[in-house]
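Trainee: Next up, query.pdb (PDB, C-alpha atoms and all ligand atoms).
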```pdb
MODEL        1
ATOM      1  CA  MET H   1       0.000   0.000   0.000
ATOM      2  CA  SER H   2       1.296   3.457  -0.809
ATOM      3  CA  GLU H   3       0.387   6.630   0.963
ATOM      4  CA  HIS H   4       0.268  10.117  -0.459
ATOM      5  CA  SER H   5       0.257  13.350   1.427
ATOM      6  CA  PRO H   6      -2.745  15.526   0.466
ATOM      7  CA  ALA H   7      -0.360  17.958  -1.246
ATOM      8  CA  ALA H   8       0.851  15.148  -3.508
ATOM      9  CA  VAL H   9      -2.624  14.193  -4.764
ATOM     10  CA  MET H  10      -4.319  17.618  -4.890
ATOM     11  CA  PRO H  11      -3.790  19.249  -8.285
ATOM     12  CA  ALA H  12      -2.195  22.690  -8.059
ATOM     13  CA  ARG H  13      -4.242  24.015 -10.945
ATOM     14  CA  VAL H  14      -7.758  23.460 -12.150
ATOM     15  CA  ARG H  15      -9.346  24.000 -15.564
ATOM     16  CA  VAL H  16     -12.345  26.269 -15.059
ATOM     17  CA  PHE H  17     -14.977  28.190 -16.966
ATOM     18  CA  PHE H  18     -18.143  30.198 -16.302
ATOM     19  CA  ALA H  19     -21.269  28.833 -17.932
ATOM     20  CA  LEU H  20     -25.044  28.643 -18.059
ATOM     21  CA  TRP H  21     -26.131  25.252 -16.794
ATOM     22  CA  PRO H  22     -29.599  23.993 -17.799
ATOM     23  CA  GLY H  23     -32.136  22.668 -15.322
ATOM     24  CA  ALA H  24     -33.247  19.043 -15.570
ATOM     25  CA  ALA H  25     -36.071  19.605 -18.101
ATOM     26  CA  THR H  26     -33.978  21.766 -20.460
ATOM     27  CA  ALA H  27     -31.008  19.393 -20.195
ATOM     28  CA  ALA H  28     -33.254  16.425 -21.035
ATOM     29  CA  ALA H  29     -34.732  18.238 -24.056
ATOM     30  CA  LEU H  30     -31.275  19.261 -25.306
ATOM     31  CA  HIS H  31     -29.985  15.765 -24.795
ATOM     32  CA  ALA H  32     -32.845  14.379 -26.894
ATOM     33  CA  ARG H  33     -31.774  16.782 -29.698
ATOM     34  CA  ALA H  34     -28.176  15.700 -29.217
ATOM     35  CA  ARG H  35     -29.097  12.023 -29.593
ATOM     36  CA  ALA H  36     -31.115  12.734 -32.738
ATOM     37  CA  LEU H  37     -28.165  14.625 -34.260
ATOM     38  CA  HIS H  38     -25.803  11.875 -33.224
ATOM     39  CA  ALA H  39     -28.005   9.298 -34.969
ATOM     40  CA  GLN H  40     -27.728  11.355 -38.189
ATOM     41  CA  CYS H  41     -24.136  12.544 -37.980
ATOM     42  CA  GLY H  42     -22.178  10.100 -35.824
ATOM     43  CA  GLY H  43     -19.429  11.322 -33.498
ATOM     44  CA  ARG H  44     -19.588  11.546 -29.728
ATOM     45  CA  VAL H  45     -22.776  12.732 -28.094
ATOM     46  CA  MET H  46     -22.507  15.000 -25.031
ATOM     47  CA  ARG H  47     -23.782  13.335 -21.870
ATOM     48  CA  ARG H  48     -26.949  14.878 -20.446
ATOM     49  CA  ASP H  49     -25.154  16.041 -17.302
ATOM     50  CA  THR H  50     -22.439  17.868 -19.288
ATOM     51  CA  ILE H  51     -24.617  20.042 -21.527
ATOM     52  CA  HIS H  52     -23.970  23.778 -20.969
ATOM     53  CA  LEU H  53     -23.319  27.145 -22.608
ATOM     54  CA  THR H  54     -19.874  28.658 -21.931
ATOM     55  CA  LEU H  55     -19.815  32.344 -20.898
ATOM     56  CA  ALA H  56     -16.088  32.742 -20.231
ATOM     57  CA  PHE H  57     -13.341  30.163 -20.537
ATOM     58  CA  LEU H  58     -10.374  30.623 -18.182
ATOM     59  CA  GLY H  59      -8.393  27.436 -18.711
ATOM     60  CA  ASP H  60      -5.946  26.339 -16.005
ATOM     61  CA  VAL H  61      -6.100  28.481 -12.876
ATOM     62  CA  ALA H  62      -4.029  28.070  -9.694
ATOM     63  CA  MET H  63      -6.182  26.670  -6.872
ATOM     64  CA  PRO H  64      -5.640  29.663  -4.556
ATOM     65  CA  ARG H  65      -7.092  31.955  -7.271
ATOM     66  CA  LEU H  66     -10.508  30.264  -7.114
ATOM     67  CA  ALA H  67     -11.591  32.543  -4.261
ATOM     68  CA  ALA H  68     -10.871  35.572  -6.460
ATOM     69  CA  LEU H  69     -13.046  34.064  -9.203
ATOM     70  CA  GLU H  70     -15.902  33.719  -6.737
ATOM     71  CA  THR H  71     -15.483  37.345  -5.675
ATOM     72  CA  VAL H  72     -15.692  38.423  -9.317
ATOM     73  CA  ALA H  73     -18.820  36.325  -9.886
ATOM     74  CA  GLN H  74     -20.493  37.855  -6.840
ATOM     75  CA  SER H  75     -19.901  41.354  -8.173
ATOM     76  CA  VAL H  76     -21.472  40.695 -11.579
ATOM     77  CA  ARG H  77     -25.125  41.738 -11.975
ATOM     78  CA  GLY H  78     -27.174  40.385 -14.848
ATOM     79  CA  GLU H  79     -30.818  39.992 -15.820
ATOM     80  CA  ARG H  80     -32.722  36.741 -16.138
ATOM     81  CA  PHE H  81     -33.801  35.839 -19.661
ATOM     82  CA  ILE H  82     -35.314  33.132 -21.822
ATOM     83  CA  LEU H  83     -32.956  31.644 -24.375
ATOM     84  CA  GLU H  84     -34.801  30.260 -27.386
ATOM     85  CA  LEU H  85     -32.640  27.576 -28.977
ATOM     86  CA  ASP H  86     -33.895  27.168 -32.526
ATOM     87  CA  ARG H  87     -30.803  26.647 -34.683
ATOM     88  CA  VAL H  88     -28.455  23.762 -35.314
ATOM     89  CA  GLY H  89     -25.051  24.396 -36.794
ATOM     90  CA  SER H  90     -21.588  22.955 -37.148
ATOM     91  CA  TRP H  91     -18.011  24.113 -37.269
ATOM     92  CA  ARG H  92     -16.140  22.191 -39.885
ATOM     93  CA  GLY H  93     -12.686  22.289 -38.398
ATOM     94  CA  ASN H  94     -13.609  20.752 -35.071
ATOM     95  CA  ARG H  95     -16.726  18.890 -36.210
ATOM     96  CA  ILE H  96     -18.730  20.282 -33.328
ATOM     97  CA  LEU H  97     -22.504  20.231 -33.718
ATOM     98  CA  TRP H  98     -24.240  22.876 -31.648
ATOM     99  CA  ALA H  99     -27.580  24.403 -30.799
ATOM    100  CA  GLY H 100     -27.868  28.173 -30.997
ATOM    101  CA  SER H 101     -30.343  30.983 -31.211
ATOM    102  CA  ALA H 102     -31.506  33.135 -34.124
ATOM    103  CA  ASN H 103     -32.470  35.864 -31.628
ATOM    104  CA  VAL H 104     -29.975  35.985 -28.794
ATOM    105  CA  PRO H 105     -31.494  38.070 -25.967
ATOM    106  CA  ALA H 106     -29.331  41.140 -25.231
ATOM    107  CA  ALA H 107     -28.993  40.032 -21.594
ATOM    108  CA  LEU H 108     -26.810  37.079 -22.649
ATOM    109  CA  PRO H 109     -23.919  38.925 -24.367
ATOM    110  CA  ALA H 110     -24.302  41.643 -21.712
ATOM    111  CA  LEU H 111     -23.664  39.041 -18.999
ATOM    112  CA  ALA H 112     -20.693  37.544 -20.853
ATOM    113  CA  GLU H 113     -19.212  41.031 -21.401
ATOM    114  CA  LYS H 114     -19.602  42.072 -17.757
ATOM    115  CA  LEU H 115     -18.072  38.840 -16.606
ATOM    116  CA  GLY H 116     -15.188  39.175 -19.084
ATOM    117  CA  ALA H 117     -14.499  42.789 -18.083
ATOM    118  CA  SER H 118     -14.584  41.977 -14.349
ATOM    119  CA  LEU H 119     -12.306  38.963 -14.818
ATOM    120  CA  HIS H 120      -9.883  41.055 -16.814
ATOM    121  CA  ALA H 121      -9.918  43.783 -14.135
ATOM    122  CA  ALA H 122      -9.145  41.110 -11.514
ATOM    123  CA  GLY H 123      -6.086  40.018 -13.488
ATOM    124  CA  PHE H 124      -7.440  36.910 -15.207
ATOM    125  CA  GLU H 125      -6.470  36.244 -18.786
ATOM    126  CA  LEU H 126      -9.226  35.215 -21.158
ATOM    127  CA  GLU H 127      -9.063  33.812 -24.644
ATOM    128  CA  ALA H 128      -9.393  36.498 -27.297
ATOM    129  CA  ARG H 129     -12.054  34.318 -29.002
ATOM    130  CA  ALA H 130     -15.211  36.383 -29.528
ATOM    131  CA  PHE H 131     -18.263  35.329 -27.521
ATOM    132  CA  ASN H 132     -20.254  33.017 -29.738
ATOM    133  CA  PRO H 133     -23.135  31.583 -27.711
ATOM    134  CA  HIS H 134     -23.651  27.905 -28.476
ATOM    135  CA  VAL H 135     -24.478  24.649 -26.742
ATOM    136  CA  THR H 136     -22.246  21.831 -27.948
ATOM    137  CA  LEU H 137     -24.324  18.684 -28.508
ATOM    138  CA  VAL H 138     -22.000  16.362 -30.482
ATOM    139  CA  ARG H 139     -18.221  16.300 -30.894
ATOM    140  CA  ASN H 140     -16.167  14.650 -33.663
ATOM    141  CA  ALA H 141     -19.153  14.398 -35.985
ATOM    142  CA  VAL H 142     -18.456  12.461 -39.161
ATOM    143  CA  ARG H 143     -21.294  13.995 -41.221
ATOM    144  CA  SER H 144     -22.682  17.553 -41.365
ATOM    145  CA  PRO H 145     -26.102  18.151 -39.853
ATOM    146  CA  PRO H 146     -29.024  19.408 -41.911
ATOM    147  CA  ARG H 147     -28.076  23.024 -41.186
ATOM    148  CA  GLY H 148     -30.761  25.370 -40.045
ATOM    149  CA  GLU H 149     -33.754  25.449 -37.836
ATOM    150  CA  MET H 150     -34.742  23.039 -35.140
ATOM    151  CA  PRO H 151     -37.999  23.054 -33.202
ATOM    152  CA  GLY H 152     -37.641  25.909 -30.685
ATOM    153  CA  LEU H 153     -36.669  24.981 -27.169
ATOM    154  CA  ARG H 154     -37.102  27.560 -24.391
ATOM    155  CA  TRP H 155     -34.373  27.664 -21.765
ATOM    156  CA  PRO H 156     -35.243  29.887 -18.787
ATOM    157  CA  VAL H 157     -31.931  31.240 -17.463
ATOM    158  CA  ALA H 158     -31.900  32.459 -13.850
ATOM    159  CA  SER H 159     -28.287  31.902 -12.740
ATOM    160  CA  PHE H 160     -24.755  31.285 -13.926
ATOM    161  CA  VAL H 161     -22.121  28.888 -12.600
ATOM    162  CA  LEU H 162     -18.388  28.377 -12.195
ATOM    163  CA  VAL H 163     -17.367  24.892 -13.353
ATOM    164  CA  ALA H 164     -14.238  22.779 -12.966
ATOM    165  CA  SER H 165     -13.419  20.460 -15.862
ATOM    166  CA  GLU H 166     -11.684  17.288 -14.760
ATOM    167  CA  ARG H 167     -10.430  14.676 -17.193
ATOM    168  CA  ASP H 168     -10.064  10.942 -16.757
ATOM    169  CA  GLU H 169     -10.115   7.944 -19.090
ATOM    170  CA  GLY H 170     -13.903   8.374 -19.412
ATOM    171  CA  GLY H 171     -13.564  11.930 -20.791
ATOM    172  CA  ALA H 172     -14.342  15.317 -19.236
ATOM    173  CA  HIS H 173     -16.296  15.535 -16.000
ATOM    174  CA  TYR H 174     -17.689  18.840 -14.888
ATOM    175  CA  ARG H 175     -18.103  19.905 -11.278
ATOM    176  CA  VAL H 176     -20.117  23.008 -10.397
ATOM    177  CA  LEU H 177     -18.054  25.034  -7.897
ATOM    178  CA  GLY H 178     -20.477  27.918  -7.398
ATOM    179  CA  ARG H 179     -23.753  29.363  -8.634
ATOM    180  CA  TRP H 180     -24.869  33.029  -8.725
ATOM    181  CA  PRO H 181     -28.431  34.231  -9.334
ATOM    182  CA  LEU H 182     -29.484  36.680 -12.026
ATOM    183  CA  ASP H 183     -31.935  39.509 -11.238
ATOM    184  CA  ASP H 184     -35.566  38.997 -12.167
ATOM    185  CA  GLY H 185     -35.860  42.497 -13.617
ATOM    186  CA  GLY H 186     -38.789  43.363 -11.295
ATOM    187  CA  ASP H 187     -38.776  46.238  -8.797
TER     188      ASP H 187
HETATM  189  P1  LIG H 201     -16.982  23.995 -26.905
HETATM  190  O1  LIG H 201     -18.212  23.370 -26.332
HETATM  191  O2  LIG H 201     -17.244  24.851 -28.087
HETATM  192  O3  LIG H 201     -15.844  23.032 -27.088
HETATM  193  C1  LIG H 201     -15.320  23.431 -21.499
HETATM  194  O4  LIG H 201     -14.246  22.995 -22.243
HETATM  195  C2  LIG H 201     -16.104  24.479 -22.237
HETATM  196  O5  LIG H 201     -15.264  25.591 -22.560
HETATM  197  C3  LIG H 201     -16.709  24.011 -23.552
HETATM  198  O6  LIG H 201     -18.011  24.533 -23.654
HETATM  199  C4  LIG H 201     -15.818  24.593 -24.611
HETATM  200  O7  LIG H 201     -16.465  25.021 -25.777
HETATM  201  C5  LIG H 201     -15.279  25.821 -23.946
HETATM  202  N1  LIG H 201     -13.926  26.116 -24.381
HETATM  203  C6  LIG H 201     -12.906  25.255 -24.455
HETATM  204  N2  LIG H 201     -11.796  25.897 -24.880
HETATM  205  C7  LIG H 201     -12.147  27.183 -25.076
HETATM  206  C8  LIG H 201     -11.445  28.337 -25.502
HETATM  207  N3  LIG H 201     -10.154  28.291 -25.790
HETATM  208  N4  LIG H 201     -12.121  29.495 -25.596
HETATM  209  C9  LIG H 201     -13.434  29.549 -25.303
HETATM  210  N5  LIG H 201     -14.155  28.473 -24.881
HETATM  211  C10 LIG H 201     -13.513  27.318 -24.772
ENDMDL
END
```
Can you turn what I pasted into structure tokens?
Ligand code: 2AM

Mentor:
Amino acid sequence: MSEHSPAAVMPARVRVFFALWPGAATAAALHARARALHAQCGGRVMRRDTIHLTLAFLGDVAMPRLAALETVAQSVRGERFILELDRVGSWRGNRILWAGSANVPAALPALAEKLGASLHAAGFELEARAFNPHVTLVRNAVRSPPRGEMPGLRWPVASFVLVASERDEGGAHYRVLGRWPLDDGGD
């Protein structure tokens, strides 16, 4: 039997990102779409419990910096909104099949921008990649999807989350580290 000190087994850095995480009903509906796309296009379908929309991707962050991320999240105010997912698309290079919206509510890019600006002000480096709201449903697709509309799916968004991405032989596992509510817009 071998023994490890906690310092030896605890990773010093963690891969993290801020995201919108669907409730059970929305996740189930998105997963049904994902399975249908997978049946048509092959590849690797996202598991129901991993479906999300990334707001800001940080990559590897030193463990002691997680508290600063939580402070940033607490300071960000955003409005609740309904996200209507009514589009399916693909990116050729990475063969990702995604669900998106023809009419992105202004509150969504506003939230991503506020988060990005606050993270930057707190000294976090973000990818220069422009915010392109999408929900990945299938990876490594072998055929293109019938591009275009899909039956609309309403996702009520009332909070955002900080997520750790952990990898093992089974693929990526996501762990929600914190959740922050969005304002309901009422007085
Ligand atoms: P994807 O679904 O388009 O691959 C966890 O990896 C999440 O962060 C995924 O939603 C992934 O987007 C996104 N992500 C991974 N690398 C990223 C990067 N360099 N910039 C922005 N988002 C990224």

Trainee: Kindly compile the residues surrounding ligand LIG 201 (chain H) within 7 Å, counting only C-alpha atoms and all ligand atoms, and format them as a list of chain:residue names.

Mentor: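 These are the residues that qualify: H:Phe17, H:His52, H:Leu53, H:Thr54, H:Ala56, H:Phe57, H:Glu127, H:Arg129, H:Val135, H:Thr136, H:Ser165.
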
Trainee: Could you build a table of the residues in region 93-164 of chain H lying no more than 10 Å from region 64-84 of chain H, giving for each the nearest pair of atoms and their separation in Å rounded to one decimal place, using all atoms listed in the file, ordered by chain and ascending residue number, as CSV?

Mentor:
```
residue,atom,partner,partner_atom,distance
H:Ala99,CA,H:Glu84,CA,9.9
H:Gly100,CA,H:Glu84,CA,8.1
H:Ser101,CA,H:Glu84,CA,5.9
H:Ala102,CA,H:Glu84,CA,8.0
H:Asn103,CA,H:Glu84,CA,7.4
H:Val104,CA,H:Leu83,CA,6.9
H:Pro105,CA,H:Leu83,CA,6.8
H:Ala106,CA,H:Phe81,CA,8.9
H:Ala107,CA,H:Glu79,CA,6.1
H:Leu108,CA,H:Phe81,CA,7.7
H:Ala110,CA,H:Gly78,CA,7.5
H:Leu111,CA,H:Gly78,CA,5.6
H:Ala112,CA,H:Gly78,CA,9.3
H:Lys114,CA,H:Val76,CA,6.6
H:Leu115,CA,H:Val76,CA,6.3
H:Gly116,CA,H:Val72,CA,9.8
H:Ala117,CA,H:Val76,CA,9.8
H:Ser118,CA,H:Val72,CA,6.3
H:Leu119,CA,H:Val72,CA,6.5
H:His120,CA,H:Val72,CA,9.8
H:Ala121,CA,H:Val72,CA,9.2
H:Ala122,CA,H:Val72,CA,7.4
H:Gly123,CA,H:Ala68,CA,9.6
H:Phe124,CA,H:Leu69,CA,8.7
H:Pro151,CA,H:Glu84,CA,9.8
H:Gly152,CA,H:Glu84,CA,6.2
H:Leu153,CA,H:Glu84,CA,5.6
H:Arg154,CA,H:Glu84,CA,4.6
H:Trp155,CA,H:Leu83,CA,5.0
H:Pro156,CA,H:Ile82,CA,4.4
H:Val157,CA,H:Phe81,CA,5.4
H:Ala158,CA,H:Arg80,CA,4.9
H:Ser159,CA,H:Arg80,CA,7.4
H:Phe160,CA,H:Ala73,CA,8.8
H:Val161,CA,H:Ala73,CA,8.6
H:Leu162,CA,H:Glu70,CA,8.0
```

Trainee: Quick check, in Å to one decimal: how far apart do CA of Ala172 (chain H) and CA of Arg15 (chain H) lie?

Mentor: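 CA of Arg15 (chain H) lies at a distance of 10.7 Å from CA of Ala172 (chain H).
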
Trainee: Once the PyMOL selection byres (((chain H and resi 44) around 7) and not hetatm) has been evaluated on this model, what residues remain selected, and can you format them as a ChimeraX atom specification?

Mentor: /H:42-43,45-46,138-141

Trainee: How many Å lie between CA of Cys41 (chain H) and CA of Pro145 (chain H), rounded to one decimal?

Mentor: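 Separating CA of Cys41 (chain H) from CA of Pro145 (chain H) is a distance of 6.2 Å.
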
Trainee: Suppose you want the space between CA of Leu30 (chain H) and CA of Leu55 (chain H); what is it in Å?

Mentor: 17.9 Å

Trainee: Nearest to Leu177 (chain H): which of H:Met150, H:Val163, H:Ala24, H:Val61 is it, counting only C-alpha atoms?

Mentor: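 With only C-alpha atoms as the atom set, the closest residue is H:Val163.
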
Trainee: Apply the PyMOL selection byres (((chain H and resi 93) around 12) and not hetatm) to the displayed file and report the matching residues as a list in words.

Mentor: Ser90, Trp91, Arg92, Asn94, Arg95, Ile96, Leu97, Arg139, Asn140, Ala141, Val142 and Ser144 of chain H

Trainee: Emit as AutoDock Vina command-line options the padded axis-aligned box for all listed atoms of region 132-135 of chain H, 6 Å per side, with centre and edge lengths in Å to one decimal.

Mentor:
```
--center_x -22.4 --center_y 28.8 --center_z -28.2 --size_x 16.2 --size_y 20.4 --size_z 15.0
```

Trainee: Counting all atoms listed in the file, which residue out of H:Ala164, H:Ile51, H:Leu58, H:Ala130 sits closest to Ala27 (chain H)?

Mentor: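 The shortest atom-to-atom distance to Ala27 (chain H) comes from H:Ile51.
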
Trainee: Looking at only C-alpha atoms, which of H:Trp98, H:Trp180, H:Trp21, H:Tyr174 is the one that sits closest to Ala34 (chain H)?

Mentor: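 Closest to Ala34 (chain H), using only C-alpha atoms: H:Trp98.
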
Trainee: Restricting the calculation to all atoms listed in the file, which member of H:Gly178, H:Asp60, H:Gly171, H:Asp49 is positioned closest to Pro11 (chain H)?

Mentor: H:Asp60

Trainee: So, with all atoms listed in the file as the atoms that count, which of H:Val14, H:Asp86, H:Val176, H:Ala62 lies closest to Arg33 (chain H)?

Mentor: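 Smallest separation from Arg33 (chain H) among the options: H:Asp86.
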